[in-house]
>>> print(open('work_17.cif').read())   # mmCIF, C-alpha atoms and all ligand atoms
data_target
loop_
_atom_site.label_atom_id
_atom_site.label_comp_id
_atom_site.auth_asym_id
_atom_site.auth_seq_id
_atom_site.Cartn_x
_atom_site.Cartn_y
_atom_site.Cartn_z
CA MET A 1 9.95 -25.07 -20.74
CA ALA A 2 6.58 -23.44 -20.31
CA SER A 3 4.65 -26.02 -18.30
CA THR A 4 7.56 -27.15 -16.15
CA ALA A 5 8.83 -23.69 -15.32
CA GLY A 6 9.52 -23.53 -11.62
CA ASP A 7 10.35 -27.22 -11.29
CA SER A 8 13.49 -27.52 -13.37
CA TRP A 9 15.25 -24.23 -12.79
CA ASP A 10 15.77 -21.69 -10.06
CA ILE A 11 12.72 -19.49 -10.25
CA THR A 12 13.86 -17.19 -7.44
CA ASP A 13 17.08 -16.47 -9.28
CA PHE A 14 15.10 -15.69 -12.43
CA ILE A 15 12.45 -13.46 -10.87
CA VAL A 16 14.42 -11.85 -8.03
CA LYS A 17 18.13 -11.75 -8.86
CA LYS A 18 17.93 -11.47 -12.62
CA GLY A 19 15.20 -8.86 -12.31
CA ASN A 20 12.65 -10.55 -14.57
CA GLY A 21 9.92 -10.36 -11.96
CA VAL A 22 6.56 -12.09 -12.34
CA LYS A 23 6.13 -10.09 -15.51
CA GLY A 24 9.15 -11.93 -16.97
CA LEU A 25 7.53 -15.25 -16.03
CA THR A 26 4.26 -14.40 -17.76
CA GLU A 27 6.17 -13.49 -20.91
CA MET A 28 7.23 -17.16 -21.10
CA GLU A 29 3.58 -18.06 -21.70
CA LEU A 30 3.17 -20.33 -18.72
CA GLU A 31 0.32 -22.78 -18.94
CA SER A 32 -0.02 -23.14 -15.22
CA LEU A 33 1.03 -21.43 -12.04
CA PRO A 34 4.57 -22.30 -10.85
CA LYS A 35 4.33 -24.17 -7.54
CA GLN A 36 6.20 -21.41 -5.68
CA TYR A 37 3.12 -19.21 -6.13
CA VAL A 38 0.54 -21.69 -4.92
CA GLN A 39 -0.79 -20.29 -1.65
CA PRO A 40 -2.15 -22.50 1.15
CA PRO A 41 -5.95 -22.74 0.78
CA GLU A 42 -6.58 -20.54 3.84
CA GLU A 43 -4.69 -17.65 2.20
CA ARG A 44 -6.56 -17.79 -1.10
CA MET A 45 -9.51 -15.50 -1.58
CA ASP A 46 -12.75 -17.39 -1.01
CA MET A 47 -15.23 -15.61 -3.27
CA ASN A 48 -18.06 -16.83 -1.02
CA SER A 49 -16.72 -14.52 1.68
CA VAL A 50 -17.30 -11.43 -0.48
CA VAL A 51 -20.13 -9.22 0.75
CA GLY A 52 -21.53 -7.90 -2.50
CA GLU A 53 -24.08 -5.39 -1.30
CA GLU A 54 -21.69 -3.23 0.68
CA SER A 55 -18.64 -1.11 0.05
CA ILE A 56 -16.43 1.45 1.72
CA PRO A 57 -17.72 5.07 1.86
CA VAL A 58 -17.13 7.41 -1.08
CA ILE A 59 -16.61 10.96 0.18
CA ASP A 60 -16.92 14.06 -1.98
CA MET A 61 -14.34 16.59 -0.81
CA SER A 62 -15.59 19.47 -2.96
CA LYS A 63 -17.68 20.89 -0.09
CA TRP A 64 -14.81 20.88 2.40
CA ASP A 65 -16.23 23.84 4.33
CA ASP A 66 -19.22 21.77 5.35
CA PRO A 67 -18.27 20.15 8.71
CA LYS A 68 -20.26 17.07 7.67
CA VAL A 69 -17.49 16.19 5.22
CA ALA A 70 -14.80 16.10 7.91
CA ASP A 71 -17.22 14.14 10.10
CA SER A 72 -17.80 11.53 7.46
CA ILE A 73 -14.03 11.14 7.03
CA CYS A 74 -13.53 10.57 10.75
CA ASP A 75 -16.52 8.20 10.88
CA ALA A 76 -15.14 6.19 7.95
CA ALA A 77 -11.67 6.04 9.56
CA GLU A 78 -13.21 4.76 12.79
CA LYS A 79 -15.58 2.27 11.28
CA TRP A 80 -14.03 0.96 8.06
CA GLY A 81 -10.45 2.27 8.18
CA PHE A 82 -10.90 2.69 4.41
CA PHE A 83 -12.73 5.16 2.18
CA GLN A 84 -12.49 6.71 -1.28
CA VAL A 85 -12.33 10.44 -1.93
CA ILE A 86 -13.52 12.21 -5.07
CA ASN A 87 -13.09 15.89 -6.02
CA HIS A 88 -9.97 15.94 -3.87
CA GLY A 89 -8.11 18.54 -5.89
CA VAL A 90 -5.39 16.33 -7.43
CA PRO A 91 -5.89 16.91 -11.17
CA ILE A 92 -6.96 13.86 -13.11
CA GLY A 93 -4.15 14.49 -15.63
CA VAL A 94 -1.59 14.06 -12.83
CA LEU A 95 -3.15 10.70 -11.92
CA GLU A 96 -3.26 9.56 -15.55
CA ASN A 97 0.41 10.50 -16.00
CA VAL A 98 1.43 8.37 -13.00
CA LYS A 99 -0.44 5.38 -14.39
CA GLU A 100 1.20 5.82 -17.77
CA ALA A 101 4.64 6.17 -16.15
CA THR A 102 4.03 2.96 -14.19
CA HIS A 103 3.35 1.06 -17.41
CA ARG A 104 6.41 2.66 -18.96
CA PHE A 105 8.67 1.53 -16.12
CA PHE A 106 7.42 -2.07 -16.05
CA GLY A 107 7.55 -2.20 -19.84
CA LEU A 108 11.35 -1.78 -19.70
CA PRO A 109 13.50 -4.82 -20.49
CA ALA A 110 14.60 -6.87 -17.44
CA GLU A 111 18.23 -5.64 -17.80
CA GLU A 112 17.03 -2.07 -17.28
CA LYS A 113 14.79 -2.83 -14.29
CA ARG A 114 17.53 -4.99 -12.79
CA LYS A 115 19.58 -1.84 -12.17
CA TYR A 116 17.21 -1.10 -9.30
CA THR A 117 17.22 -4.49 -7.54
CA LYS A 118 18.59 -4.82 -4.01
CA GLU A 119 21.94 -6.06 -5.37
CA CYS A 120 22.37 -3.35 -7.99
CA SER A 121 20.56 -0.20 -6.88
CA PRO A 122 22.99 2.56 -5.91
CA THR A 123 20.67 3.58 -3.05
CA ASN A 124 18.40 1.84 -0.53
CA ASN A 125 15.75 4.42 -1.35
CA VAL A 126 15.06 2.99 -4.80
CA ARG A 127 14.13 -0.66 -4.94
CA TYR A 128 12.66 -2.78 -7.72
CA GLY A 129 11.48 -6.15 -6.52
CA THR A 130 8.87 -8.83 -6.66
CA SER A 131 6.42 -10.45 -4.21
CA PHE A 132 6.69 -8.90 -0.70
CA SER A 133 9.63 -10.40 1.21
CA PRO A 134 10.67 -13.39 -0.97
CA GLN A 135 13.34 -14.51 1.54
CA ALA A 136 10.71 -14.73 4.32
CA GLU A 137 7.76 -16.14 2.35
CA ARG A 138 6.70 -19.73 2.00
CA SER A 139 4.61 -18.86 -1.06
CA LEU A 140 5.28 -15.96 -3.36
CA GLU A 141 2.84 -13.18 -4.26
CA TRP A 142 1.99 -12.43 -7.88
CA LYS A 143 3.26 -8.85 -8.01
CA ASP A 144 6.27 -6.78 -9.05
CA TYR A 145 6.97 -3.35 -7.58
CA LEU A 146 9.18 -0.31 -7.65
CA SER A 147 9.46 1.31 -4.23
CA LEU A 148 10.70 4.90 -3.90
CA PHE A 149 11.46 6.40 -0.51
CA TYR A 150 11.35 10.20 -0.70
CA LYS A 151 14.38 11.94 0.84
CA SER A 152 14.58 15.16 -1.13
CA GLU A 153 13.95 16.56 -4.56
CA ASN A 154 17.69 16.39 -5.29
CA GLU A 155 18.05 12.81 -4.22
CA ALA A 156 15.00 11.81 -6.27
CA SER A 157 16.34 13.68 -9.29
CA ALA A 158 19.61 11.81 -9.05
CA PHE A 159 18.36 8.29 -8.39
CA TRP A 160 14.71 7.72 -9.31
CA PRO A 161 14.22 6.03 -12.70
CA PRO A 162 13.80 8.64 -15.45
CA GLU A 163 10.83 6.70 -16.87
CA CYS A 164 8.65 7.65 -13.89
CA LYS A 165 10.50 10.24 -11.78
CA ASP A 166 8.73 13.45 -12.83
CA GLU A 167 5.26 11.94 -12.80
CA THR A 168 5.59 10.34 -9.35
CA LEU A 169 7.13 13.49 -7.85
CA GLU A 170 4.32 15.60 -9.26
CA TYR A 171 1.73 13.19 -7.87
CA MET A 172 3.37 13.36 -4.43
CA LYS A 173 3.49 17.14 -4.53
CA ARG A 174 -0.10 17.58 -5.71
CA SER A 175 -1.42 15.18 -3.08
CA GLU A 176 0.20 17.16 -0.24
CA PRO A 177 -2.81 19.50 0.40
CA VAL A 178 -5.24 16.53 0.55
CA ILE A 179 -2.95 14.70 2.97
CA ARG A 180 -2.92 17.77 5.24
CA GLN A 181 -6.67 18.31 5.00
CA LEU A 182 -7.43 14.72 5.95
CA LEU A 183 -4.92 14.62 8.79
CA GLU A 184 -6.18 17.92 10.20
CA ALA A 185 -9.73 16.61 10.22
CA LEU A 186 -8.69 13.31 11.79
CA MET A 187 -6.61 15.10 14.43
CA ARG A 188 -9.42 17.52 15.38
CA ARG A 189 -11.50 14.59 16.51
CA MET A 190 -8.52 13.44 18.62
CA ASN A 191 -8.41 16.86 20.39
CA VAL A 192 -5.23 17.80 18.52
CA LYS A 193 -5.85 21.43 17.65
CA GLU A 194 -2.82 22.08 15.51
CA ILE A 195 -0.33 20.04 13.50
CA ASP A 196 2.90 21.61 14.79
CA GLN A 197 6.37 20.48 13.77
CA THR A 198 6.50 17.52 16.15
CA LYS A 199 3.07 16.31 15.06
CA ALA A 200 3.94 16.86 11.39
CA SER A 201 6.93 14.57 11.81
CA LEU A 202 4.86 11.91 13.61
CA LEU A 203 2.04 12.02 11.10
CA MET A 204 3.79 12.67 7.81
CA GLY A 205 7.53 12.89 8.44
CA SER A 206 8.41 10.49 5.62
CA LYS A 207 6.84 9.23 2.43
CA ARG A 208 7.21 6.22 0.23
CA ILE A 209 5.59 5.76 -3.16
CA ASN A 210 5.23 2.29 -4.67
CA LEU A 211 4.43 1.42 -8.25
CA ASN A 212 2.74 -2.00 -8.23
CA TYR A 213 2.37 -4.23 -11.26
CA TYR A 214 0.13 -7.33 -11.19
CA PRO A 215 0.55 -9.26 -14.46
CA ILE A 216 -2.08 -11.54 -15.93
CA CYS A 217 -2.03 -14.81 -14.00
CA PRO A 218 -2.70 -18.33 -15.38
CA ASN A 219 -4.44 -19.62 -12.19
CA PRO A 220 -5.50 -16.57 -10.17
CA GLU A 221 -7.62 -18.59 -7.74
CA LEU A 222 -4.54 -20.46 -6.44
CA THR A 223 -2.43 -17.42 -5.58
CA VAL A 224 -2.67 -13.80 -4.39
CA GLY A 225 -1.61 -10.43 -5.78
CA VAL A 226 -0.97 -9.21 -2.24
CA GLY A 227 -1.71 -11.29 0.83
CA ARG A 228 -3.77 -10.13 3.82
CA HIS A 229 -2.05 -7.27 5.60
CA SER A 230 -2.51 -3.85 7.10
CA ASP A 231 -0.19 -0.99 6.13
CA VAL A 232 2.41 0.35 8.56
CA SER A 233 1.71 3.94 7.47
CA THR A 234 -0.20 6.78 9.09
CA LEU A 235 -2.40 7.03 6.00
CA THR A 236 -2.08 5.41 2.58
CA PHE A 237 -3.25 7.19 -0.59
CA LEU A 238 -3.86 4.63 -3.28
CA LEU A 239 -4.40 5.23 -6.95
CA GLN A 240 -5.71 2.18 -8.77
CA ASP A 241 -6.55 1.60 -12.42
CA ASP A 242 -9.89 0.33 -13.71
CA VAL A 243 -9.21 -3.41 -13.32
CA GLY A 244 -10.26 -3.89 -9.69
CA GLY A 245 -9.25 -6.65 -7.30
CA LEU A 246 -8.60 -4.86 -4.00
CA TYR A 247 -10.64 -6.28 -1.11
CA VAL A 248 -11.02 -4.89 2.40
CA ARG A 249 -12.00 -6.80 5.54
CA ARG A 250 -15.53 -5.74 6.57
CA PHE A 251 -15.60 -3.63 9.75
CA ASP A 252 -17.12 -6.38 11.88
CA GLY A 253 -14.50 -8.83 10.65
CA ASP A 254 -17.09 -10.80 8.75
CA GLY A 255 -16.30 -11.11 5.05
CA TRP A 256 -14.58 -8.93 2.49
CA VAL A 257 -15.77 -6.03 0.38
CA HIS A 258 -14.47 -5.03 -3.02
CA VAL A 259 -13.11 -1.52 -3.61
CA PRO A 260 -14.64 -0.62 -6.95
CA PRO A 261 -12.44 1.47 -9.24
CA ILE A 262 -13.86 4.99 -9.63
CA THR A 263 -12.17 7.16 -12.24
CA GLY A 264 -10.36 10.06 -10.59
CA SER A 265 -10.82 8.79 -7.03
CA LEU A 266 -8.15 8.04 -4.43
CA VAL A 267 -8.53 5.20 -1.97
CA ILE A 268 -7.46 6.24 1.52
CA ASN A 269 -6.72 3.87 4.35
CA VAL A 270 -5.64 4.17 7.94
CA GLY A 271 -2.31 2.48 8.68
CA ASP A 272 -0.98 0.90 11.86
CA ALA A 273 0.88 4.08 12.91
CA LEU A 274 -2.37 6.05 13.05
CA GLN A 275 -4.15 3.22 14.82
CA ILE A 276 -1.41 3.27 17.46
CA MET A 277 -1.31 7.08 17.78
CA SER A 278 -5.10 7.25 18.11
CA ASN A 279 -4.97 4.47 20.74
CA GLY A 280 -7.12 2.24 18.55
CA ARG A 281 -9.83 4.75 17.66
CA TYR A 282 -8.92 4.85 13.97
CA LYS A 283 -8.54 1.36 12.53
CA SER A 284 -5.90 0.02 10.19
CA VAL A 285 -7.79 -2.65 8.33
CA GLU A 286 -6.71 -5.83 6.61
CA HIS A 287 -6.78 -5.78 2.85
CA ARG A 288 -5.60 -7.99 0.01
CA VAL A 289 -5.40 -8.05 -3.77
CA VAL A 290 -6.49 -10.95 -5.95
CA ALA A 291 -4.67 -11.94 -9.12
CA ASN A 292 -6.40 -11.56 -12.47
CA GLU A 293 -6.72 -13.94 -15.40
CA SER A 294 -7.30 -11.47 -18.21
CA LYS A 295 -5.86 -8.07 -17.36
CA ASN A 296 -2.60 -6.59 -16.11
CA ARG A 297 -3.33 -4.33 -13.14
CA ILE A 298 -1.37 -1.44 -11.67
CA SER A 299 -1.73 0.55 -8.46
CA VAL A 300 0.28 3.39 -6.96
CA PRO A 301 0.11 3.84 -3.18
CA ILE A 302 1.72 6.78 -1.38
CA PHE A 303 2.52 5.69 2.15
CA VAL A 304 2.46 8.71 4.45
CA ASN A 305 4.54 7.66 7.44
CA PRO A 306 6.13 8.94 10.64
CA SER A 307 9.86 9.72 10.38
CA PRO A 308 11.89 6.54 10.86
CA SER A 309 13.54 8.03 13.96
CA ASP A 310 10.23 8.99 15.62
CA ILE A 311 8.98 7.21 18.70
CA ILE A 312 5.30 6.52 18.16
CA GLY A 313 2.66 5.73 20.74
CA PRO A 314 -0.82 6.96 21.74
CA LEU A 315 -0.88 10.78 21.49
CA PRO A 316 -1.05 12.65 24.83
CA GLU A 317 -4.21 14.48 23.66
CA VAL A 318 -5.94 11.13 23.22
CA LEU A 319 -5.07 9.98 26.72
CA GLU A 320 -5.86 13.36 28.35
CA SER A 321 -9.27 12.26 29.58
CA GLY A 322 -7.81 9.29 31.45
CA GLU A 323 -8.15 6.72 28.69
CA LYS A 324 -5.76 3.82 29.26
CA ALA A 325 -2.99 3.35 26.66
CA VAL A 326 -3.28 0.07 24.78
CA TYR A 327 -0.04 0.59 22.85
CA LYS A 328 3.46 1.29 24.09
CA GLN A 329 6.02 3.69 22.67
CA VAL A 330 8.01 2.13 19.82
CA LEU A 331 10.71 3.38 17.50
CA TYR A 332 9.02 3.63 14.13
CA SER A 333 11.98 2.16 12.21
CA ASP A 334 11.85 -0.90 14.51
CA TYR A 335 8.15 -1.28 13.76
CA VAL A 336 8.80 -1.16 10.00
CA LYS A 337 11.69 -3.65 10.28
CA HIS A 338 9.40 -6.03 12.13
CA PHE A 339 6.84 -5.75 9.30
CA PHE A 340 9.35 -6.61 6.57
CA ARG A 341 11.01 -9.44 8.48
CA LYS A 342 8.05 -11.74 7.96
CA ALA A 343 5.59 -12.65 5.23
CA HIS A 344 2.27 -10.77 5.11
CA ASP A 345 0.37 -11.89 8.14
CA GLY A 346 -2.94 -10.07 8.50
CA LYS A 347 -2.91 -7.60 11.38
CA LYS A 348 -0.26 -9.33 13.45
CA THR A 349 2.34 -6.53 13.05
CA VAL A 350 0.32 -4.37 15.45
CA ASP A 351 0.97 -6.86 18.27
CA PHE A 352 4.54 -5.55 18.25
CA ALA A 353 3.27 -2.32 19.84
CA LYS A 354 0.61 -3.81 22.17
CA ILE A 355 1.06 -3.38 25.91
O1 LIG A 401 -2.76 -2.73 -5.18
C1 LIG A 401 -3.57 -2.43 -4.32
O2 LIG A 401 -4.73 -2.15 -4.60
C2 LIG A 401 -3.18 -2.44 -2.86
C3 LIG A 401 -1.72 -2.60 -2.61
C4 LIG A 401 -1.41 -2.62 -1.16
O3 LIG A 401 -2.21 -2.98 -0.33
C5 LIG A 401 -0.07 -2.20 -0.70
O4 LIG A 401 0.81 -1.93 -1.56
O5 LIG A 401 0.11 -2.08 0.53
FE FE A 402 -1.61 -2.28 1.63
#
>>> encode(input="work_17.cif", output="structure tokens")
Amino acid sequence: MASTAGDSWDITDFIVKKGNGVKGLTEMELESLPKQYVQPPEERMDMNSVVGEESIPVIDMSKWDDPKVADSICDAAEKWGFFQVINHGVPIGVLENVKEATHRFFGLPAEEKRKYTKECSPTNNVRYGTSFSPQAERSLEWKDYLSLFYKSENEASAFWPPECKDETLEYMKRSEPVIRQLLEALMRRMNVKEIDQTKASLLMGSKRINLNYYPICPNPELTVGVGRHSDVSTLTFLLQDDVGGLYVRRFDGDGWVHVPPITGSLVINVGDALQIMSNGRYKSVEHRVVANESKNRISVPIFVNPSPSDIIGPLPEVLESGEKAVYKQVLYSDYVKHFFRKAHDGKKTVDFAKI
């Protein structure tokens, strides 16, 4: 079956409905990539477009009282839309535990993981799946995920998988002060003096944590781990392991830069919601993940989002000086629905909010 897998049987049923995921496919010792994963050439990563001598800023947060640190965060959010932080205060043990828990979850047999698929999960807030939006995609992405939408401690206790619940909750809790620090700094530059209740809801009213698993791939150059996209979040906090493979579009649009794994660091990126609220000053930037021939990779993003029921648009403080709004007011849940209705498509989701 190995070499013809994907031609003679229903691969979608196997990976999506039966809960085997891409990981289940790789366990069948495929010799080549099933055709469903072959991406059109323009969506594959062209290694000639990688700019080797540059990368996103790495910012040391240990000297937080020095205003230069906040400045460099705002500069990075304006120019690159992506940066890494070190000495951020989240203990390294907490990060290691999340990585271990991620491996533990994906190491479960398919029957166990299947309990969390769209068909079987007792709640919409816990979802195990594969690729991005398999029903909307022409080619699949080489990735499995567990996506956990945070409602409350009680809800998480009841429904999140026991293999990773405590570790992911702890990671979310310990990252809270860093999230606040970064948002406060970013808001100060936008003339927002204080994050009151309304602003807190707009900036960080809901959170989602994803556990991503990218299994070893027989023909990585023909497919993608994650296709080109920007996040719909306010900010994303990404923990990656030491494998590498995340690429970010260079600020001038020309080429891609690799995000090198740094032990203990967190990769932060601006999402569409913050781009919209800042009226385009902070940039949500396209990024993608390549597949890997020799190593399984994991990553754990926390998406810090507006509340689904919030109406987002350029903040009044940003427009105070007479600046013209380039985005309209949109219901955040509509924006998110629009994102998931289609395959990954670069930065096109933002057009939904353009005036
Ligand atoms: O795995 C990564 O490094 C990035 C994943 C990502 O971009 C996402 O989940 O939105
Ligand atoms: Fe992303």
>>> closest_residue(input="work_17.cif", among="A:Val126, A:Met47, A:Leu274, A:Ile302", to="Gly81 (chain A)", atoms="only C-alpha atoms")
A:Leu274
>>> residues_near_ligand(input="work_17.cif", ligand="ligand LIG 401 (chain A)", cutoff="7 Å", atoms="only C-alpha atoms and all ligand atoms", output="VMD selection string")
chain A and resid 210 212 226 231 238 240 245 to 246 287 to 289 298 to 299 301
>>> atom_distance(input="work_17.cif", atom1="CA of Ala325 (chain A)", atom2="CA of Lys347 (chain A)")
18.8 Å
>>> residues_around(input="work_17.cif", residues="Trp64 (chain A)", least_positions_apart="3", cutoff="10 Å", atoms="all atoms listed in the file", output="number ranges by chain")
A: 60-61, 67-70, 87-88, 181
>>> closest_residue(input="work_17.cif", among="A:Asn296, A:Gln84, A:Asn305, A:Gln275", to="Val22 (chain A)", atoms="only C-alpha atoms")
A:Asn296
>>> closest_residue(input="work_17.cif", among="A:Tyr247, A:Trp142, A:Tyr37, A:Phe159", to="ligand FE 402 (chain A)", atoms="all atoms listed in the file")
A:Tyr247
>>> residues_around(input="work_17.cif", residues="region 314-321 of chain A", least_positions_apart="4", cutoff="10 Å", atoms="only C-alpha atoms", output="PyMOL selection string")
chain A and resi 187+189-193+199+202+273-281+325-329
>>> atom_distance(input="work_17.cif", atom1="CA of Arg174 (chain A)", atom2="CA of Ile209 (chain A)")
13.4 Å
